[in-house]
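> upload_2.csv is reproduced in full below (CSV, C-alpha atoms).
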chain,number,residue,atom,x,y,z
A,1,MET,CA,-8.7,147.3,105.8
A,2,ALA,CA,-6.9,144.8,107.9
A,3,THR,CA,-6.9,141.3,106.5
A,4,GLY,CA,-5.8,139.7,109.8
A,5,GLU,CA,-2.6,137.8,109.4
A,6,GLU,CA,-0.2,139.0,106.7
A,7,LYS,CA,0.9,136.4,104.2
A,8,PRO,CA,4.6,136.4,103.2
A,9,VAL,CA,5.1,137.7,99.7
A,10,MET,CA,6.6,135.7,96.8
A,11,VAL,CA,7.8,137.4,93.6
A,12,VAL,CA,8.3,135.4,90.4
A,13,GLY,CA,10.2,137.0,87.6
A,14,VAL,CA,9.1,136.0,84.1
A,15,ASP,CA,10.2,136.7,80.6
A,16,GLU,CA,9.2,135.1,77.3
A,17,SER,CA,11.5,132.1,77.6
A,18,GLU,CA,10.5,128.5,78.2
A,19,GLN,CA,12.6,128.3,81.3
A,20,SER,CA,10.6,131.1,82.8
A,21,THR,CA,7.3,129.5,82.1
A,22,TYR,CA,8.7,126.2,83.5
A,23,ALA,CA,9.8,128.1,86.7
A,24,LEU,CA,6.4,129.7,87.1
A,25,GLU,CA,4.6,126.4,86.6
A,26,TRP,CA,6.9,124.6,89.0
A,27,THR,CA,6.3,127.2,91.6
A,28,LEU,CA,2.5,127.2,91.2
A,29,ASP,CA,2.4,123.4,91.3
A,30,ARG,CA,4.4,123.0,94.5
A,31,PHE,CA,3.5,126.1,96.5
A,32,PHE,CA,0.1,127.1,95.4
A,33,ALA,CA,-2.1,124.6,93.7
A,34,PRO,CA,-2.2,122.0,96.5
A,35,TYR,CA,-3.3,124.6,99.0
A,36,ALA,CA,-6.2,126.3,97.3
A,37,PRO,CA,-7.9,128.5,98.4
A,38,ASN,CA,-5.5,129.1,101.3
A,39,PHE,CA,-2.3,129.9,99.6
A,40,PRO,CA,0.7,130.1,101.8
A,41,PHE,CA,2.1,133.1,100.0
A,42,LYS,CA,0.9,136.3,98.3
A,43,LEU,CA,2.1,136.0,94.7
A,44,PHE,CA,3.4,138.8,92.4
A,45,ILE,CA,4.4,137.9,88.9
A,46,VAL,CA,6.8,140.5,87.4
A,47,HIS,CA,7.8,141.0,83.8
A,48,ALA,CA,10.6,143.5,83.0
A,49,LYS,CA,10.1,144.9,79.5
A,50,PRO,CA,13.4,146.1,78.2
A,51,ASN,CA,13.5,149.7,77.3
A,52,ALA,CA,13.3,150.1,73.5
A,53,VAL,CA,16.1,152.6,73.2
A,54,SER,CA,18.5,150.6,75.2
A,55,ALA,CA,17.6,147.4,73.3
A,56,VAL,CA,18.4,149.0,70.0
A,57,GLY,CA,21.5,150.7,71.3
A,58,LEU,CA,23.1,153.7,69.7
A,59,ALA,CA,23.7,152.2,66.3
A,60,GLY,CA,23.9,155.4,64.3
A,61,PRO,CA,21.7,157.1,61.8
A,62,GLY,CA,18.4,155.4,61.3
A,63,THR,CA,18.1,154.3,64.9
A,64,ALA,CA,15.3,156.8,65.6
A,65,GLU,CA,13.1,155.1,63.0
A,66,VAL,CA,13.6,151.6,64.3
A,67,VAL,CA,12.8,152.5,67.9
A,68,PRO,CA,9.0,152.7,67.5
A,69,TYR,CA,8.9,149.2,65.8
A,70,VAL,CA,11.1,147.7,68.5
A,71,ASP,CA,9.0,149.3,71.2
A,72,ALA,CA,5.8,147.9,69.6
A,73,ASP,CA,7.4,144.5,69.4
A,74,LEU,CA,8.5,144.6,73.0
A,75,LYS,CA,5.0,145.7,74.1
A,76,HIS,CA,3.5,142.7,72.2
A,77,THR,CA,6.0,140.4,73.9
A,78,ALA,CA,5.1,141.8,77.3
A,79,ALA,CA,1.4,141.3,76.5
A,80,ARG,CA,2.1,137.7,75.5
A,81,VAL,CA,4.0,137.0,78.7
A,82,VAL,CA,1.2,138.5,80.9
A,83,ASP,CA,-1.4,136.4,79.1
A,84,LYS,CA,0.6,133.2,79.4
A,85,ALA,CA,1.1,133.9,83.1
A,86,LYS,CA,-2.5,134.6,83.6
A,87,ALA,CA,-3.6,131.5,81.8
A,88,LEU,CA,-1.2,129.4,83.8
A,89,CYS,CA,-2.5,130.7,87.1
A,90,GLN,CA,-6.0,130.1,86.1
A,91,SER,CA,-5.4,126.6,84.9
A,92,LYS,CA,-4.0,125.8,88.3
A,93,SER,CA,-6.9,127.6,90.0
A,94,VAL,CA,-4.5,130.1,91.6
A,95,HIS,CA,-6.3,133.4,91.9
A,96,GLY,CA,-5.5,136.6,93.7
A,97,THR,CA,-2.1,136.8,91.9
A,98,VAL,CA,-1.0,140.2,90.8
A,99,ILE,CA,0.9,140.5,87.5
A,100,GLU,CA,3.0,143.6,86.9
A,101,VAL,CA,5.0,144.9,84.0
A,102,PHE,CA,7.8,147.3,84.5
A,103,GLU,CA,10.1,148.9,82.0
A,104,GLY,CA,13.9,148.6,82.5
A,105,ASP,CA,16.6,146.1,83.1
A,106,ALA,CA,15.4,142.9,84.6
A,107,ARG,CA,18.2,142.7,87.2
A,108,ASN,CA,17.3,146.0,88.7
A,109,ILE,CA,13.6,145.7,88.4
A,110,LEU,CA,13.4,142.4,90.2
A,111,CYS,CA,15.6,143.6,93.1
A,112,GLU,CA,13.5,146.8,93.3
A,113,VAL,CA,10.2,145.0,93.3
A,114,VAL,CA,11.4,142.7,96.1
A,115,ASP,CA,12.1,145.8,98.2
A,116,LYS,CA,8.8,147.5,97.2
A,117,HIS,CA,6.7,144.5,98.2
A,118,HIS,CA,8.9,143.4,101.1
A,119,ALA,CA,9.0,140.0,99.5
A,120,SER,CA,10.3,137.0,101.5
A,121,LEU,CA,11.2,135.1,98.3
A,122,LEU,CA,12.2,135.8,94.8
A,123,VAL,CA,11.8,133.0,92.2
A,124,VAL,CA,13.6,133.1,88.8
A,125,GLY,CA,14.2,130.7,86.1
A,126,SER,CA,17.7,130.3,84.6
A,127,HIS,CA,18.6,130.3,80.9
A,128,GLY,CA,22.2,129.5,81.3
A,129,TYR,CA,23.2,130.1,77.8
A,130,GLY,CA,26.8,129.2,77.5
A,131,ALA,CA,29.4,126.9,76.1
A,132,ILE,CA,29.3,124.6,79.1
A,133,LYS,CA,25.5,124.5,79.5
A,134,ARG,CA,25.6,122.4,82.6
A,135,ALA,CA,27.6,124.8,84.6
A,136,VAL,CA,26.3,128.2,83.8
A,137,LEU,CA,23.8,130.4,85.5
A,138,GLY,CA,21.9,133.0,83.6
A,139,SER,CA,23.1,136.6,84.2
A,140,VAL,CA,19.8,137.8,85.7
A,141,SER,CA,19.4,134.9,88.1
A,142,ASP,CA,23.1,135.2,89.1
A,143,TYR,CA,22.7,138.9,89.7
A,144,CYS,CA,19.6,138.3,91.8
A,145,ALA,CA,21.1,135.5,93.8
A,146,HIS,CA,23.9,137.9,94.8
A,147,HIS,CA,22.0,141.2,95.2
A,148,ALA,CA,18.4,140.7,96.0
A,149,HIS,CA,17.5,141.6,99.6
A,150,CYS,CA,15.5,138.4,100.2
A,151,SER,CA,16.0,134.7,99.7
A,152,VAL,CA,16.2,133.6,96.1
A,153,MET,CA,15.0,130.4,94.5
A,154,ILE,CA,16.5,129.5,91.1
A,155,VAL,CA,14.4,127.0,89.2
A,156,LYS,CA,16.3,125.3,86.4
A,157,LYS,CA,14.6,123.2,83.8
A,158,PRO,CA,16.1,119.7,84.3
A,159,LYS,CA,18.4,118.7,81.5
A,160,ILE,CA,18.3,115.2,80.0
A,161,LYS,CA,21.4,113.5,81.2
A,162,VAL,CA,23.6,112.5,78.3
B,1,MET,CA,17.4,160.0,94.9
B,2,ALA,CA,16.5,159.2,91.3
B,3,LYS,CA,16.2,155.5,92.0
B,4,ASP,CA,12.5,155.6,92.5
B,5,GLN,CA,11.6,156.3,88.9
B,6,ALA,CA,11.5,152.7,87.8
B,7,THR,CA,9.1,151.5,90.4
B,8,ALA,CA,5.9,152.6,88.8
B,9,ALA,CA,4.4,149.6,87.1
B,10,MET,CA,3.5,150.1,83.5
B,11,GLU,CA,0.7,147.7,83.8
B,12,THR,CA,-0.9,145.7,86.6
B,13,SER,CA,-3.5,143.0,86.4
B,14,THR,CA,-4.9,140.6,88.9
B,15,VAL,CA,-5.8,137.0,88.2
B,16,GLU,CA,-9.4,136.7,89.0
B,17,LYS,CA,-11.1,133.7,90.3
B,18,GLN,CA,-12.8,131.7,87.6
B,19,PRO,CA,-16.4,131.2,88.5
B,20,GLU,CA,-17.4,128.7,85.8
B,21,THR,CA,-16.5,125.1,84.9
B,22,ARG,CA,-17.5,122.8,87.6
B,23,GLU,CA,-15.4,120.0,86.2
B,24,ALA,CA,-14.9,118.1,89.5
B,25,GLU,CA,-11.6,117.0,88.2
B,26,THR,CA,-8.8,117.9,90.5
B,27,PRO,CA,-5.8,119.3,88.5
B,28,SER,CA,-2.8,117.0,88.8
B,29,VAL,CA,-1.0,118.1,91.9
B,30,THR,CA,2.8,117.9,92.3
B,31,ARG,CA,3.8,117.7,95.9
B,32,THR,CA,7.3,118.4,97.1
B,33,LYS,CA,8.6,115.0,98.0
B,34,ARG,CA,12.0,115.9,99.3
B,35,MET,CA,13.7,119.1,100.3
B,36,MET,CA,17.3,119.1,101.2
B,37,VAL,CA,19.0,121.6,103.5
B,38,ALA,CA,22.8,121.7,103.8
B,39,ILE,CA,24.2,122.6,107.2
B,40,ASP,CA,27.6,123.2,108.6
B,41,GLU,CA,28.8,125.1,111.6
B,42,SER,CA,27.9,128.5,110.2
B,43,ASP,CA,25.0,130.5,111.5
B,44,SER,CA,23.9,131.2,108.0
B,45,SER,CA,23.0,127.6,107.3
B,46,PHE,CA,21.0,127.3,110.5
B,47,TYR,CA,19.2,130.5,109.6
B,48,ALA,CA,18.4,128.8,106.3
B,49,LEU,CA,17.0,125.8,108.1
B,50,GLN,CA,14.8,128.0,110.3
B,51,TRP,CA,13.6,129.9,107.3
B,52,VAL,CA,12.5,126.7,105.6
B,53,ILE,CA,10.7,125.6,108.7
B,54,ASP,CA,9.0,128.9,109.1
B,55,HIS,CA,7.9,129.4,105.4
B,56,PHE,CA,7.4,125.9,104.1
B,57,SER,CA,6.0,124.1,107.1
B,58,THR,CA,2.7,123.5,105.4
B,59,LEU,CA,4.5,121.3,102.8
B,60,LEU,CA,6.5,119.3,105.3
B,61,MET,CA,4.5,118.8,108.4
B,62,THR,CA,3.9,115.3,109.7
B,63,THR,CA,0.3,116.1,110.3
B,64,GLU,CA,-0.3,116.4,106.5
B,65,ALA,CA,-1.1,113.2,104.9
B,66,GLU,CA,1.1,113.7,101.8
B,67,SER,CA,3.8,115.9,103.2
B,68,GLY,CA,7.3,115.8,101.9
B,69,MET,CA,10.5,115.0,103.7
B,70,LEU,CA,13.1,117.4,104.8
B,71,THR,CA,16.6,116.0,104.6
B,72,VAL,CA,19.2,117.7,106.6
B,73,VAL,CA,22.6,117.0,105.3
B,74,HIS,CA,26.0,117.7,106.9
B,75,VAL,CA,29.2,117.1,104.9
B,76,GLN,CA,32.3,116.3,106.9
B,77,SER,CA,35.5,117.4,105.4
B,78,PRO,CA,37.8,114.5,105.0
B,79,PHE,CA,40.8,114.3,107.2
B,80,HIS,CA,43.8,113.6,105.1
B,81,HIS,CA,45.7,111.3,107.3
B,82,PHE,CA,48.1,110.5,104.5
B,83,ALA,CA,49.3,114.0,104.2
B,84,ALA,CA,52.6,114.7,105.8
B,85,PHE,CA,52.7,117.1,108.7
B,86,PRO,CA,55.2,119.9,108.9
B,87,ALA,CA,58.6,118.7,109.7
B,88,GLY,CA,59.7,118.7,113.3
B,89,PRO,CA,63.0,120.4,114.4
B,90,GLY,CA,65.0,117.4,113.5
B,91,GLY,CA,63.8,117.5,109.9
B,92,ALA,CA,61.8,114.2,110.3
B,93,THR,CA,58.3,114.3,108.9
B,94,VAL,CA,55.6,113.1,111.1
B,95,TYR,CA,52.7,111.1,109.8
B,96,ALA,CA,49.5,110.9,111.7
B,97,SER,CA,49.4,107.9,113.9
B,98,SER,CA,46.4,105.7,113.9
B,99,SER,CA,45.3,106.9,117.4
B,100,MET,CA,45.5,110.5,116.1
B,101,ILE,CA,43.3,109.6,113.2
B,102,GLU,CA,40.9,107.9,115.5
B,103,SER,CA,40.6,110.9,117.8
B,104,VAL,CA,40.1,113.3,114.9
B,105,LYS,CA,37.4,111.1,113.4
B,106,LYS,CA,35.7,110.9,116.8
B,107,ALA,CA,35.8,114.7,117.1
B,108,GLN,CA,34.3,115.1,113.7
B,109,GLN,CA,31.6,112.6,114.5
B,110,GLU,CA,30.7,114.4,117.7
B,111,THR,CA,30.6,117.8,115.8
B,112,SER,CA,28.3,116.3,113.2
B,113,ALA,CA,26.1,114.7,115.8
B,114,ALA,CA,25.8,117.9,117.7
B,115,LEU,CA,24.9,119.9,114.6
B,116,LEU,CA,22.3,117.4,113.4
B,117,SER,CA,20.7,117.1,116.8
B,118,ARG,CA,20.4,120.8,116.9
B,119,ALA,CA,18.8,120.8,113.5
B,120,LEU,CA,16.5,117.9,114.5
B,121,GLN,CA,15.3,119.8,117.5
B,122,MET,CA,14.4,122.8,115.4
B,123,CYS,CA,12.4,120.6,113.0
B,124,ARG,CA,10.7,118.6,115.7
B,125,ALA,CA,9.5,121.7,117.4
B,126,LYS,CA,7.3,122.4,114.3
B,127,GLN,CA,6.5,118.8,113.5
B,128,ILE,CA,8.4,118.7,110.3
B,129,ARG,CA,9.1,115.3,108.8
B,130,THR,CA,12.8,115.1,108.9
B,131,GLU,CA,15.7,112.8,108.3
B,132,THR,CA,19.4,113.5,108.7
B,133,LEU,CA,22.4,112.5,106.5
B,134,VAL,CA,26.1,112.7,107.1
B,135,LEU,CA,28.4,112.6,104.1
B,136,GLU,CA,32.1,112.8,103.9
B,137,GLY,CA,34.1,114.6,101.2
B,138,ASP,CA,34.2,117.9,99.5
B,139,ALA,CA,31.0,119.7,100.5
B,140,LYS,CA,30.0,121.1,97.1
B,141,ASP,CA,30.5,117.8,95.2
B,142,MET,CA,28.9,115.7,97.9
B,143,ILE,CA,25.8,117.9,98.0
B,144,CYS,CA,25.4,117.9,94.2
B,145,GLN,CA,25.8,114.2,94.1
B,146,ALA,CA,23.3,113.7,96.9
B,147,VAL,CA,20.8,115.9,95.1
B,148,GLU,CA,20.9,113.6,92.1
B,149,GLN,CA,20.9,110.3,93.9
B,150,MET,CA,18.1,111.2,96.2
B,151,HIS,CA,16.0,112.9,93.6
B,152,VAL,CA,15.7,116.1,95.6
B,153,ASP,CA,13.0,118.5,94.6
B,154,LEU,CA,14.6,121.6,96.2
B,155,LEU,CA,18.0,122.2,97.6
B,156,VAL,CA,18.3,124.9,100.3
B,157,VAL,CA,21.6,126.6,101.3
B,158,GLY,CA,22.6,129.6,103.3
B,159,SER,CA,24.3,132.5,101.6
B,160,ARG,CA,27.3,133.0,103.7
B,161,GLY,CA,29.6,130.3,105.0
B,162,LEU,CA,32.6,129.8,107.1
B,163,GLY,CA,34.9,131.9,104.9
B,164,LYS,CA,36.2,135.1,106.1
B,165,ILE,CA,35.7,137.0,102.9
B,166,ARG,CA,32.8,139.2,104.0
B,167,ARG,CA,32.8,141.1,100.7
B,168,ALA,CA,31.7,138.0,98.9
B,169,PHE,CA,27.9,138.0,98.4
B,170,LEU,CA,27.7,134.3,98.2
B,171,GLY,CA,29.7,131.6,99.9
B,172,SER,CA,31.7,129.3,97.7
B,173,VAL,CA,29.7,126.1,98.3
B,174,SER,CA,26.4,127.9,97.8
B,175,ASP,CA,27.7,129.5,94.7
B,176,TYR,CA,28.9,126.2,93.3
B,177,CYS,CA,25.6,124.5,94.1
B,178,ALA,CA,23.6,127.3,92.4
B,179,HIS,CA,25.6,126.7,89.2
B,180,HIS,CA,25.9,122.9,89.3
B,181,ALA,CA,23.1,121.3,91.2
B,182,ASN,CA,20.6,119.6,89.0
B,183,CYS,CA,17.5,120.7,90.9
B,184,PRO,CA,16.0,124.1,91.9
B,185,ILE,CA,18.0,125.8,94.6
B,186,LEU,CA,16.9,128.2,97.3
B,187,ILE,CA,19.5,130.6,98.7
B,188,VAL,CA,18.4,132.0,102.0
B,189,LYS,CA,19.8,135.4,102.8
B,190,PRO,CA,20.3,136.6,106.4
B,191,PRO,CA,18.0,139.4,107.4
B,192,LYS,CA,19.1,143.0,106.6
B,193,GLY,CA,21.3,144.5,109.2
B,194,VAL,CA,23.0,141.2,110.0
B,195,ASP,CA,26.1,141.7,107.8
Take the structure in the file and write it out as structure tokens.

Amino acid sequence: MATGEEKPVMVVGVDESEQSTYALEWTLDRFFAPYAPNFPFKLFIVHAKPNAVSAVGLAGPGTAEVVPYVDADLKHTAARVVDKAKALCQSKSVHGTVIEVFEGDARNILCEVVDKHHASLLVVGSHGYGAIKRAVLGSVSDYCAHHAHCSVMIVKKPKIKV
Amino acid sequence: MAKDQATAAMETSTVEKQPETREAETPSVTRTKRMMVAIDESDSSFYALQWVIDHFSTLLMTTEAESGMLTVVHVQSPFHHFAAFPAGPGGATVYASSSMIESVKKAQQETSAALLSRALQMCRAKQIRTETLVLEGDAKDMICQAVEQMHVDLLVVGSRGLGKIRRAFLGSVSDYCAHHANCPILIVKPPKGVD
């Protein structure tokens, strides 16, 4: 069923971190909330749930017993992330958003989702854990900035200037 | 190819429209007040400007009452007139004369003016509220400084620059700004096939 004009697609990658929530909220505030109900983009929110086996690693005997617990925990985290994202969208009256959960490494998942939806824009937060906090970009956002096939927006939580 | 196995979503949900609560209180809205686009002579930076104009025009148009401002910035690289030029045949070093400095400065100004007027034309065609800025110095530092001083909401850069290293995925200024700028940054990639 043709909807007339096609809206460009925006994909926002989220995990359970504060920076991610901040990035999603920032994006919703500036690019969606003021334009209700005619949003300028079609929004997909994507969470990459790490694979339980790869998260545990091959630690040796006893690994097989831990995996189901890790998996259950990861599923709970994923559910929390989805709920948080849904709540955030609804609080800003942004509807029609699709939230997807994939299993695998965030870097690859985000780049694949961009291709799958032919996204114009990928938005990610940035943890930047590192000794020199000011000058580090998280590994996922860095990877996406280099490898995604569309424009990438990296939203950093502003740091209080010391 | 086995690459397709990861693209099946485990779970998909859609955010439905909430029918209830007629609170009549508009949620606090944050408008984009200032977006900054850095341009130089590269095609990639002008493609970035065009991308912003195409996708974000609703936020920046002059017809909107509360639209933001698009600041187009060009950083001129400083001409080191105090640096000695290679020695001539007689071994005497030649320093830039003041007239040479003048002419180089003039050439730089003309280049900047041409770039910015091209940018302005692109913006005016879509009625974007625009201002231009010329800075002098090291591009990556000047851009990051301008972002802080002007309280920029979003910095936009192209992905490839003037460097000849095609293998690099991200130009050096864009890469530096992605790491060091204090505001969100948008890296605009050229369309596939233009590589």
> Quick check, in Å to one decimal: how far apart do CA of Val124 in chain A and CA of Tyr176 in chain B lie?
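Computing the Euclidean distance for CA of Val124 in chain A and CA of Tyr176 in chain B yields 17.4 Å.
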> Considering only C-alpha atoms, return as a ChimeraX atom specification whatever protein or nucleic-acid residues lie within 9 Å of range 52-60 of chain B, sequence-local ones (same chain, fewer than 5 positions apart) excluded.
/A:8,30-31,35,40-41,120 /B:31-35,37,47,66-70,122-123,126-130,156,188
> Print the selection's residues with C-alpha atoms to a file, as a compact mmCIF listing (two decimals), in the coordinates of the input.

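Everything below was put into part-v9.txt:
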# COMPACT_ATOMS: atom_id res chain seq x y z
CA PRO A 8 4.60 136.40 103.20
CA ARG A 30 4.40 123.00 94.50
CA PHE A 31 3.50 126.10 96.50
CA TYR A 35 -3.30 124.60 99.00
CA PRO A 40 0.70 130.10 101.80
CA PHE A 41 2.10 133.10 100.00
CA SER A 120 10.30 137.00 101.50
CA ARG B 31 3.80 117.70 95.90
CA THR B 32 7.30 118.40 97.10
CA LYS B 33 8.60 115.00 98.00
CA ARG B 34 12.00 115.90 99.30
CA MET B 35 13.70 119.10 100.30
CA VAL B 37 19.00 121.60 103.50
CA TYR B 47 19.20 130.50 109.60
CA GLU B 66 1.10 113.70 101.80
CA SER B 67 3.80 115.90 103.20
CA GLY B 68 7.30 115.80 101.90
CA MET B 69 10.50 115.00 103.70
CA LEU B 70 13.10 117.40 104.80
CA MET B 122 14.40 122.80 115.40
CA CYS B 123 12.40 120.60 113.00
CA LYS B 126 7.30 122.40 114.30
CA GLN B 127 6.50 118.80 113.50
CA ILE B 128 8.40 118.70 110.30
CA ARG B 129 9.10 115.30 108.80
CA THR B 130 12.80 115.10 108.90
CA VAL B 156 18.30 124.90 100.30
CA VAL B 188 18.40 132.00 102.00
> Once you count only C-alpha atoms, which residues of chain B turn out to be within 6 Å of chain A? Could you give them as a ChimeraX atom specification?
/B:9-17,30-31,169,179-180,184-189
> Export, as a short mmCIF file (atom, residue, chain, number, x, y, z; two decimals), in the frame of the given file, the selected residues with C-alpha atoms.

data_model
loop_
_atom_site.label_atom_id
_atom_site.label_comp_id
_atom_site.auth_asym_id
_atom_site.auth_seq_id
_atom_site.Cartn_x
_atom_site.Cartn_y
_atom_site.Cartn_z
CA ALA B 9 4.40 149.60 87.10
CA MET B 10 3.50 150.10 83.50
CA GLU B 11 0.70 147.70 83.80
CA THR B 12 -0.90 145.70 86.60
CA SER B 13 -3.50 143.00 86.40
CA THR B 14 -4.90 140.60 88.90
CA VAL B 15 -5.80 137.00 88.20
CA GLU B 16 -9.40 136.70 89.00
CA LYS B 17 -11.10 133.70 90.30
CA THR B 30 2.80 117.90 92.30
CA ARG B 31 3.80 117.70 95.90
CA PHE B 169 27.90 138.00 98.40
CA HIS B 179 25.60 126.70 89.20
CA HIS B 180 25.90 122.90 89.30
CA PRO B 184 16.00 124.10 91.90
CA ILE B 185 18.00 125.80 94.60
CA LEU B 186 16.90 128.20 97.30
CA ILE B 187 19.50 130.60 98.70
CA VAL B 188 18.40 132.00 102.00
CA LYS B 189 19.80 135.40 102.80
#
> Quick one: distance from CA of Met61 in chain B to CA of Ser44 in chain B in Å, one decimal?
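Separation of CA of Met61 in chain B and CA of Ser44 in chain B: 23.0 Å.
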> Calculated over all atoms listed in the file, which of the candidates B:Ala139, B:Ala119, B:Ala146, B:Val173 has the smallest distance to Gly158 in chain B?
B:Val173
> Which residue, A:Asp71, A:Lys84, A:Leu43, A:Gly13, has the smallest gap to His117 in chain A when you use all atoms listed in the file?
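Closest to His117 in chain A, using all atoms listed in the file: A:Leu43.
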> Choose the residue, out of B:Leu115, B:Val152, B:Met142, B:Pro190, that has the smallest atom-to-atom separation from Trp51 in chain B; count only C-alpha atoms.
B:Pro190
> What is the distance, in Å and to one decimal place, between CA of Leu24 in chain A and CA of Met36 in chain B?
20.7 Å
> Compare B:Leu170, B:Ala181, B:Ala125, B:Ala114 by their minimum atom-to-atom distance to Leu155 in chain B, counting all atoms listed in the file, and give me the closest one.
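Counting all atoms listed in the file, the residue closest to Leu155 in chain B is B:Ala181.
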> Pick out the closest residue to Arg107 in chain A from this set: A:Val9, A:Ala55, A:Ala36, A:Val140. Count all atoms listed in the file.
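Using all atoms listed in the file, the shortest distance to Arg107 in chain A belongs to A:Val140.
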> Select, counting all atoms listed in the file, all protein, DNA and RNA residues no farther than 12 Å from (30.5, 110.7, 114.6) in file coordinates, and express the selection as a list in words.
His74, Val75, Gln76, Glu102, Ser103, Val104, Lys105, Lys106, Ala107, Gln108, Gln109, Glu110, Thr111, Ser112, Ala113, Ala114, Leu115, Leu116, Ser117, Leu133, Val134, Leu135 and Glu136 of chain B
> Could range 28-43 of chain B be completed with N, CA and C atoms and returned as a short mmCIF file (atom, residue, chain, number, x, y, z; two decimals), in the frame of the given file?

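Writing the result to rebuild_23.cif gives the following:
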data_model
loop_
_atom_site.label_atom_id
_atom_site.label_comp_id
_atom_site.auth_asym_id
_atom_site.auth_seq_id
_atom_site.Cartn_x
_atom_site.Cartn_y
_atom_site.Cartn_z
N SER B 28 -3.90 117.87 88.29
CA SER B 28 -2.80 117.00 88.80
C SER B 28 -1.92 117.84 89.72
N VAL B 29 -1.69 117.35 90.89
CA VAL B 29 -1.00 118.10 91.90
C VAL B 29 0.42 117.54 92.07
N THR B 30 1.43 118.38 92.06
CA THR B 30 2.80 117.90 92.30
C THR B 30 3.17 118.28 93.69
N ARG B 31 3.34 117.33 94.56
CA ARG B 31 3.80 117.70 95.90
C ARG B 31 5.28 117.66 95.97
N THR B 32 5.82 118.44 96.87
CA THR B 32 7.30 118.40 97.10
C THR B 32 7.55 117.11 97.86
N LYS B 33 8.35 116.25 97.28
CA LYS B 33 8.60 115.00 98.00
C LYS B 33 9.83 115.11 98.90
N ARG B 34 10.82 115.80 98.43
CA ARG B 34 12.00 115.90 99.30
C ARG B 34 12.70 117.22 99.11
N MET B 35 12.93 117.86 100.25
CA MET B 35 13.70 119.10 100.30
C MET B 35 14.97 118.81 101.04
N MET B 36 16.08 119.34 100.55
CA MET B 36 17.30 119.10 101.20
C MET B 36 17.94 120.38 101.74
N VAL B 37 18.35 120.41 102.99
CA VAL B 37 19.00 121.60 103.50
C VAL B 37 20.41 121.21 103.94
N ALA B 38 21.39 121.97 103.46
CA ALA B 38 22.80 121.70 103.80
C ALA B 38 23.20 122.50 104.99
N ILE B 39 23.70 121.85 106.02
CA ILE B 39 24.20 122.60 107.20
C ILE B 39 25.62 122.37 107.48
N ASP B 40 26.22 123.38 108.09
CA ASP B 40 27.60 123.20 108.60
C ASP B 40 27.61 124.02 109.91
N GLU B 41 28.81 124.40 110.36
CA GLU B 41 28.80 125.10 111.60
C GLU B 41 28.40 126.56 111.53
N SER B 42 28.16 127.05 110.32
CA SER B 42 27.90 128.50 110.20
C SER B 42 26.45 128.81 110.63
N ASP B 43 26.28 130.03 111.12
CA ASP B 43 25.00 130.50 111.50
C ASP B 43 24.04 130.61 110.34
#
